[in-house]
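Colleague: Pasting in a structure now, in structure tokens, and then I'll have a few things to ask.
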Amino acid sequence: MLKLCLLFISLFTLSGCATQPKSVILNPVYSSGKISTINSVLQAKVVDHRITNFTIKVLNQEPAVYLPDASLPVKIQNAFLDALTSNGVTVLPTSSHTITLQINAFNSKISESLTQHESNAVADWLVIAAANGNTFEKRYTGQSQITGPLKHEQAKVESQLNNLTKKMLTRIVTDQALINFLQGQ
């Protein structure tokens, strides 16, 4: 009887291990180069305000959730700083003029059937710039969809999210209203 109890405990423990979330490894890179001119000195940062803690979620499957890379905000911040500096911003941590990229949503939901999969990625970011008592806020949203045969490949979904990051950063540094605000201060 004791052996039977130990067997059930072992199986229960192992089944818990099998459903642990997978890690997501993202490496967003800004590679669009200089596409606008933003002559400004700014303090820049990224803050993570996501409500859900997943980056990739496979709907109706086990394991259903991939957890975000713990350094996701840092990696997006590095790409954000590259985007800003590539377009003429001098980033100075002591500047009184600030720009903050707030991540409100950034994930991909995947649906799978026996013959195909579909990955729908979304990004919802808020940019807040402040200078001389004035504030500029603008929400940037983006979507990306990929489909393919059979089950999804994690690396392709990670690449989809990296590309969505690049697209979002490019939209931010080319936004004429933001550029006008930053240069007018």
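Following the order of the structure tokens, chains are lettered A, B, ..., residues in each are numbered from 1, and ligands are numbered from 1.
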Counting only C-alpha atoms, which residues in range 134-179 of chain A sit no more than 10 Å from range 96-112 of chain A? For each one, give the nearest pair of atoms and the distance in Å, sorted by chain then residue number, as CSV.

Modeller:
```
residue,atom,partner,partner_atom,distance
A:Asn134,CA,A:His97,CA,9.8
A:Thr135,CA,A:Thr98,CA,9.5
A:Phe136,CA,A:Ile99,CA,9.1
A:Glu137,CA,A:Thr100,CA,9.5
A:Lys138,CA,A:Leu101,CA,9.9
A:Arg139,CA,A:Gln102,CA,9.2
A:Tyr140,CA,A:Ile103,CA,9.9
A:Thr141,CA,A:Ala105,CA,9.0
A:Gly142,CA,A:Phe106,CA,9.4
A:Gln143,CA,A:Ser108,CA,9.3
A:Ser144,CA,A:Ser108,CA,8.7
A:Gln145,CA,A:Ser108,CA,8.9
A:Ile146,CA,A:Ile110,CA,9.5
A:Thr147,CA,A:Ile110,CA,9.4
A:Gly148,CA,A:Glu112,CA,9.6
A:Pro149,CA,A:Glu112,CA,9.3
A:Leu150,CA,A:Glu112,CA,7.4
A:Lys151,CA,A:Glu112,CA,6.2
A:His152,CA,A:Glu112,CA,7.6
A:Val157,CA,A:Ser108,CA,7.6
A:Glu158,CA,A:Ser108,CA,9.0
A:Gln160,CA,A:Ser108,CA,8.7
A:Leu161,CA,A:Asn107,CA,7.5
A:Leu164,CA,A:Phe106,CA,9.3
A:Thr165,CA,A:Phe106,CA,9.0
A:Leu169,CA,A:Leu101,CA,9.9
A:Ile172,CA,A:Leu101,CA,9.7
```

Colleague: Keeping only C-alpha atoms, write the selected residues as a PDB file, in the first residue's frame.

Modeller:
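Saved to again_7.pdb:
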```pdb
ATOM      1  CA  ASN A 134       4.323  69.974 -20.815  1.00  0.00           C
ATOM      2  CA  THR A 135       3.345  66.363 -21.503  1.00  0.00           C
ATOM      3  CA  PHE A 136       2.792  64.413 -24.716  1.00  0.00           C
ATOM      4  CA  GLU A 137       1.040  61.036 -24.585  1.00  0.00           C
ATOM      5  CA  LYS A 138       0.237  58.765 -27.478  1.00  0.00           C
ATOM      6  CA  ARG A 139      -0.845  55.158 -27.684  1.00  0.00           C
ATOM      7  CA  TYR A 140       0.692  52.935 -30.348  1.00  0.00           C
ATOM      8  CA  THR A 141      -0.878  49.606 -31.227  1.00  0.00           C
ATOM      9  CA  GLY A 142       0.236  46.933 -33.629  1.00  0.00           C
ATOM     10  CA  GLN A 143      -0.728  43.476 -34.779  1.00  0.00           C
ATOM     11  CA  SER A 144       0.938  40.639 -36.617  1.00  0.00           C
ATOM     12  CA  GLN A 145      -0.482  37.366 -37.847  1.00  0.00           C
ATOM     13  CA  ILE A 146       1.290  34.280 -39.111  1.00  0.00           C
ATOM     14  CA  THR A 147      -0.152  30.957 -40.166  1.00  0.00           C
ATOM     15  CA  GLY A 148       1.454  27.670 -41.014  1.00  0.00           C
ATOM     16  CA  PRO A 149       0.917  23.958 -41.274  1.00  0.00           C
ATOM     17  CA  LEU A 150       0.589  21.692 -38.243  1.00  0.00           C
ATOM     18  CA  LYS A 151       1.787  22.938 -34.849  1.00  0.00           C
ATOM     19  CA  HIS A 152       3.530  26.251 -34.236  1.00  0.00           C
ATOM     20  CA  VAL A 157       6.553  33.101 -32.931  1.00  0.00           C
ATOM     21  CA  GLU A 158       9.497  34.700 -31.116  1.00  0.00           C
ATOM     22  CA  GLN A 160       7.110  37.438 -35.058  1.00  0.00           C
ATOM     23  CA  LEU A 161       7.247  39.279 -31.714  1.00  0.00           C
ATOM     24  CA  LEU A 164       6.463  43.521 -34.213  1.00  0.00           C
ATOM     25  CA  THR A 165       8.786  45.326 -31.782  1.00  0.00           C
ATOM     26  CA  LEU A 169       9.675  51.374 -32.639  1.00  0.00           C
ATOM     27  CA  ILE A 172       7.328  55.836 -32.734  1.00  0.00           C
TER      28      ILE A 172
END
```

Colleague: Applying 12 Å and only C-alpha atoms, which residues near Leu26 in chain A remain after dropping the ones on its own chain fewer than 3 positions away? List them as a VMD selection string.

Modeller: chain A and resid 23 29 55 to 56 66 to 76 79 106 to 107 154 to 165

Colleague: Just how far from CA of Ser86 in chain A is CA of Ser32 in chain A, in Å to one decimal?

Modeller: 8.6 Å

Colleague: Residues of range 59-135 of chain A in helix (DSSP H, G or I) according to DSSP, as a ChimeraX atom specification?

Modeller: /A:72-86

Colleague: Put those residues in a file: N, CA and C atoms, as a PDB file, in the first residue's frame.

Modeller:
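After the write, again-v1.pdb holds the following:
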```pdb
ATOM      1  N   LEU A  72      12.613  40.999 -20.569  1.00  0.00           N
ATOM      2  CA  LEU A  72      11.886  41.586 -21.706  1.00  0.00           C
ATOM      3  C   LEU A  72      11.881  43.116 -21.676  1.00  0.00           C
ATOM      4  N   PRO A  73      11.516  43.769 -20.559  1.00  0.00           N
ATOM      5  CA  PRO A  73      11.538  45.245 -20.566  1.00  0.00           C
ATOM      6  C   PRO A  73      12.931  45.811 -20.841  1.00  0.00           C
ATOM      7  N   VAL A  74      13.962  45.151 -20.342  1.00  0.00           N
ATOM      8  CA  VAL A  74      15.335  45.619 -20.579  1.00  0.00           C
ATOM      9  C   VAL A  74      15.686  45.477 -22.062  1.00  0.00           C
ATOM     10  N   LYS A  75      15.297  44.361 -22.664  1.00  0.00           N
ATOM     11  CA  LYS A  75      15.598  44.153 -24.088  1.00  0.00           C
ATOM     12  C   LYS A  75      14.842  45.139 -24.970  1.00  0.00           C
ATOM     13  N   ILE A  76      13.578  45.408 -24.628  1.00  0.00           N
ATOM     14  CA  ILE A  76      12.829  46.403 -25.399  1.00  0.00           C
ATOM     15  C   ILE A  76      13.429  47.784 -25.160  1.00  0.00           C
ATOM     16  N   GLN A  77      13.874  48.060 -23.934  1.00  0.00           N
ATOM     17  CA  GLN A  77      14.509  49.350 -23.665  1.00  0.00           C
ATOM     18  C   GLN A  77      15.779  49.512 -24.498  1.00  0.00           C
ATOM     19  N   ASN A  78      16.588  48.476 -24.605  1.00  0.00           N
ATOM     20  CA  ASN A  78      17.810  48.562 -25.420  1.00  0.00           C
ATOM     21  C   ASN A  78      17.466  48.877 -26.872  1.00  0.00           C
ATOM     22  N   ALA A  79      16.442  48.222 -27.409  1.00  0.00           N
ATOM     23  CA  ALA A  79      16.028  48.493 -28.786  1.00  0.00           C
ATOM     24  C   ALA A  79      15.452  49.910 -28.902  1.00  0.00           C
ATOM     25  N   PHE A  80      14.702  50.349 -27.893  1.00  0.00           N
ATOM     26  CA  PHE A  80      14.129  51.698 -27.870  1.00  0.00           C
ATOM     27  C   PHE A  80      15.239  52.751 -27.861  1.00  0.00           C
ATOM     28  N   LEU A  81      16.260  52.539 -27.030  1.00  0.00           N
ATOM     29  CA  LEU A  81      17.391  53.470 -26.987  1.00  0.00           C
ATOM     30  C   LEU A  81      18.119  53.504 -28.321  1.00  0.00           C
ATOM     31  N   ASP A  82      18.294  52.339 -28.955  1.00  0.00           N
ATOM     32  CA  ASP A  82      18.923  52.290 -30.283  1.00  0.00           C
ATOM     33  C   ASP A  82      18.103  53.080 -31.302  1.00  0.00           C
ATOM     34  N   ALA A  83      16.777  52.928 -31.242  1.00  0.00           N
ATOM     35  CA  ALA A  83      15.898  53.646 -32.173  1.00  0.00           C
ATOM     36  C   ALA A  83      16.029  55.157 -31.965  1.00  0.00           C
ATOM     37  N   LEU A  84      16.041  55.573 -30.716  1.00  0.00           N
ATOM     38  CA  LEU A  84      16.150  57.006 -30.432  1.00  0.00           C
ATOM     39  C   LEU A  84      17.497  57.566 -30.870  1.00  0.00           C
ATOM     40  N   THR A  85      18.582  56.908 -30.466  1.00  0.00           N
ATOM     41  CA  THR A  85      19.917  57.436 -30.785  1.00  0.00           C
ATOM     42  C   THR A  85      20.204  57.371 -32.282  1.00  0.00           C
ATOM     43  N   SER A  86      19.679  56.371 -32.965  1.00  0.00           N
ATOM     44  CA  SER A  86      19.867  56.286 -34.417  1.00  0.00           C
ATOM     45  C   SER A  86      19.208  57.446 -35.136  1.00  0.00           C
TER      46      SER A  86
END
```

Colleague: Expressed in Å to a single decimal, how great is the separation between CA of Arg50 in chain A and CA of Tyr30 in chain A?

Modeller: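 Calculated distance between CA of Arg50 in chain A and CA of Tyr30 in chain A is 21.7 Å.
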
Colleague: Between A:Asn132, A:Gln43, A:Lys167, A:Gly88, which one has atoms that come closest to Gly184 in chain A, using only C-alpha atoms?

Modeller: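 Using only C-alpha atoms, Gly184 in chain A sits closest to A:Asn132.
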
Colleague: Compare A:Ala130, A:Ile35, A:Met168, A:Val41 by their minimum atom-to-atom distance to Val91 in chain A, counting only C-alpha atoms, and give me the closest one.

Modeller: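 Among the listed residues, the smallest separation from Val91 in chain A belongs to A:Val41.
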
Colleague: Calculated over only C-alpha atoms, which of the candidates A:Asn180, A:Thr174, A:Asn27, A:Ser40 has the smallest distance to Ser95 in chain A?

Modeller: A:Ser40

Colleague: Using only C-alpha atoms, can you tell me which of A:Gly133, A:Val24, A:Leu92, A:Asn39 comes closest to Phe54 in chain A?

Modeller: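 Between A:Gly133, A:Val24, A:Leu92, A:Asn39, the residue approaching Phe54 in chain A most closely is A:Val24.
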
Colleague: Quick one: pull the distance between CA of Val127 in chain A and CA of Ala44 in chain A, Å, one decimal.

Modeller: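 Rounded to one decimal, the two atoms are 10.4 Å apart.
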
Colleague: Under the rule that only C-alpha atoms are counted, which of A:Ala129, A:Asn60, A:Thr115, A:Asp48 is the nearest residue to Ala177 in chain A?

Modeller: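 Smallest distance to Ala177 in chain A is found for A:Ala129.
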
Colleague: If you run DSSP over the backbone, which residues in range 63-147 of chain A end up strand (DSSP E or B)? Put them as a VMD selection string.

Modeller: chain A and resid 65 to 67 89 to 91 98 to 112 116 to 131 134 to 147

Colleague: Could you save those same residues with N, CA and C atoms as a compact mmCIF listing (two decimals), in the first residue's frame?

Modeller:
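Result saved to again11.txt:
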```txt
# COMPACT_ATOMS: atom_id res chain seq x y z
N VAL A 65 0.90 28.01 -21.75
CA VAL A 65 1.49 29.33 -21.55
C VAL A 65 3.01 29.27 -21.62
N TYR A 66 3.58 30.24 -22.30
CA TYR A 66 5.02 30.46 -22.29
C TYR A 66 5.24 31.74 -21.49
N LEU A 67 6.06 31.69 -20.49
CA LEU A 67 6.32 32.88 -19.69
C LEU A 67 7.26 33.82 -20.42
N VAL A 89 18.60 61.44 -31.15
CA VAL A 89 18.38 61.75 -29.73
C VAL A 89 19.68 61.47 -28.96
N THR A 90 20.02 62.38 -28.08
CA THR A 90 21.10 62.14 -27.13
C THR A 90 20.44 61.68 -25.84
N VAL A 91 20.74 60.45 -25.44
CA VAL A 91 20.15 59.91 -24.21
C VAL A 91 21.08 60.25 -23.06
N THR A 98 12.03 63.90 -20.46
CA THR A 98 11.93 62.44 -20.38
C THR A 98 11.03 61.88 -21.47
N ILE A 99 11.29 60.63 -21.80
CA ILE A 99 10.40 59.86 -22.67
C ILE A 99 10.32 58.45 -22.07
N THR A 100 9.10 58.00 -21.89
CA THR A 100 8.85 56.69 -21.30
C THR A 100 8.00 55.87 -22.26
N LEU A 101 8.43 54.66 -22.50
CA LEU A 101 7.64 53.71 -23.29
C LEU A 101 7.01 52.75 -22.28
N GLN A 102 5.69 52.77 -22.19
CA GLN A 102 4.96 51.92 -21.26
C GLN A 102 4.35 50.75 -22.03
N ILE A 103 4.74 49.53 -21.67
CA ILE A 103 4.21 48.34 -22.33
C ILE A 103 2.92 47.94 -21.61
N ASN A 104 1.79 48.11 -22.29
CA ASN A 104 0.49 47.73 -21.72
C ASN A 104 0.09 46.31 -22.13
N ALA A 105 0.47 45.92 -23.32
CA ALA A 105 0.20 44.56 -23.81
C ALA A 105 1.28 44.20 -24.82
N PHE A 106 1.71 42.96 -24.79
CA PHE A 106 2.69 42.46 -25.76
C PHE A 106 2.66 40.94 -25.66
N ASN A 107 1.94 40.31 -26.60
CA ASN A 107 1.81 38.86 -26.54
C ASN A 107 1.34 38.30 -27.87
N SER A 108 1.39 36.98 -27.94
CA SER A 108 0.86 36.26 -29.09
C SER A 108 -0.03 35.13 -28.58
N LYS A 109 -1.21 35.02 -29.17
CA LYS A 109 -2.11 33.92 -28.87
C LYS A 109 -2.16 33.02 -30.09
N ILE A 110 -1.99 31.73 -29.84
CA ILE A 110 -1.89 30.76 -30.93
C ILE A 110 -3.05 29.79 -30.86
N SER A 111 -3.69 29.59 -32.00
CA SER A 111 -4.71 28.54 -32.09
C SER A 111 -4.17 27.47 -33.04
N GLU A 112 -4.39 26.22 -32.66
CA GLU A 112 -3.90 25.10 -33.45
C GLU A 112 -5.03 24.13 -33.75
N GLN A 116 -3.24 22.99 -39.14
CA GLN A 116 -2.57 24.29 -39.22
C GLN A 116 -2.58 25.00 -37.88
N HIS A 117 -1.80 26.10 -37.84
CA HIS A 117 -1.79 26.96 -36.66
C HIS A 117 -1.86 28.41 -37.11
N GLU A 118 -2.29 29.26 -36.19
CA GLU A 118 -2.35 30.69 -36.46
C GLU A 118 -1.87 31.41 -35.20
N SER A 119 -0.92 32.33 -35.39
CA SER A 119 -0.39 33.11 -34.28
C SER A 119 -0.78 34.57 -34.48
N ASN A 120 -1.50 35.11 -33.50
CA ASN A 120 -1.93 36.51 -33.55
C ASN A 120 -1.21 37.28 -32.44
N ALA A 121 -0.29 38.14 -32.85
CA ALA A 121 0.49 38.93 -31.90
C ALA A 121 -0.08 40.34 -31.83
N VAL A 122 -0.07 40.90 -30.61
CA VAL A 122 -0.54 42.26 -30.42
C VAL A 122 0.46 43.02 -29.53
N ALA A 123 0.54 44.31 -29.78
CA ALA A 123 1.34 45.21 -28.95
C ALA A 123 0.49 46.44 -28.68
N ASP A 124 0.50 46.88 -27.44
CA ASP A 124 -0.21 48.09 -27.04
C ASP A 124 0.75 48.86 -26.14
N TRP A 125 1.33 49.92 -26.68
CA TRP A 125 2.33 50.69 -25.97
C TRP A 125 1.88 52.14 -25.85
N LEU A 126 2.26 52.77 -24.77
CA LEU A 126 1.98 54.18 -24.55
C LEU A 126 3.31 54.91 -24.41
N VAL A 127 3.47 55.98 -25.18
CA VAL A 127 4.68 56.81 -25.07
C VAL A 127 4.28 58.09 -24.35
N ILE A 128 5.04 58.39 -23.31
CA ILE A 128 4.80 59.60 -22.52
C ILE A 128 6.09 60.41 -22.54
N ALA A 129 6.01 61.60 -23.10
CA ALA A 129 7.17 62.50 -23.13
C ALA A 129 6.82 63.72 -22.28
N ALA A 130 7.79 64.19 -21.52
CA ALA A 130 7.57 65.35 -20.66
C ALA A 130 8.77 66.29 -20.74
N ALA A 131 8.46 67.58 -20.87
CA ALA A 131 9.51 68.59 -20.92
C ALA A 131 8.92 69.95 -20.57
N ASN A 134 5.28 70.46 -19.81
CA ASN A 134 4.32 69.97 -20.82
C ASN A 134 4.45 68.47 -20.97
N THR A 135 3.34 67.82 -21.34
CA THR A 135 3.35 66.36 -21.50
C THR A 135 2.72 65.99 -22.84
N PHE A 136 3.32 64.99 -23.47
CA PHE A 136 2.79 64.41 -24.72
C PHE A 136 2.55 62.94 -24.44
N GLU A 137 1.35 62.46 -24.73
CA GLU A 137 1.04 61.04 -24.58
C GLU A 137 0.40 60.54 -25.87
N LYS A 138 0.84 59.37 -26.30
CA LYS A 138 0.24 58.77 -27.48
C LYS A 138 0.33 57.25 -27.36
N ARG A 139 -0.76 56.62 -27.72
CA ARG A 139 -0.84 55.16 -27.68
C ARG A 139 -0.52 54.62 -29.08
N TYR A 140 0.31 53.60 -29.10
CA TYR A 140 0.69 52.94 -30.35
C TYR A 140 0.28 51.47 -30.24
N THR A 141 -0.46 51.01 -31.22
CA THR A 141 -0.88 49.61 -31.23
C THR A 141 -0.42 48.96 -32.52
N GLY A 142 -0.18 47.67 -32.45
CA GLY A 142 0.24 46.93 -33.63
C GLY A 142 -0.21 45.49 -33.54
N GLN A 143 -0.33 44.88 -34.69
CA GLN A 143 -0.73 43.48 -34.78
C GLN A 143 0.11 42.78 -35.82
N SER A 144 0.24 41.47 -35.64
CA SER A 144 0.94 40.64 -36.62
C SER A 144 0.29 39.27 -36.59
N GLN A 145 0.13 38.69 -37.76
CA GLN A 145 -0.48 37.37 -37.85
C GLN A 145 0.37 36.48 -38.74
N ILE A 146 0.63 35.28 -38.27
CA ILE A 146 1.29 34.28 -39.11
C ILE A 146 0.49 32.98 -39.03
N THR A 147 0.50 32.26 -40.12
CA THR A 147 -0.15 30.96 -40.17
C THR A 147 0.82 29.95 -40.77
```
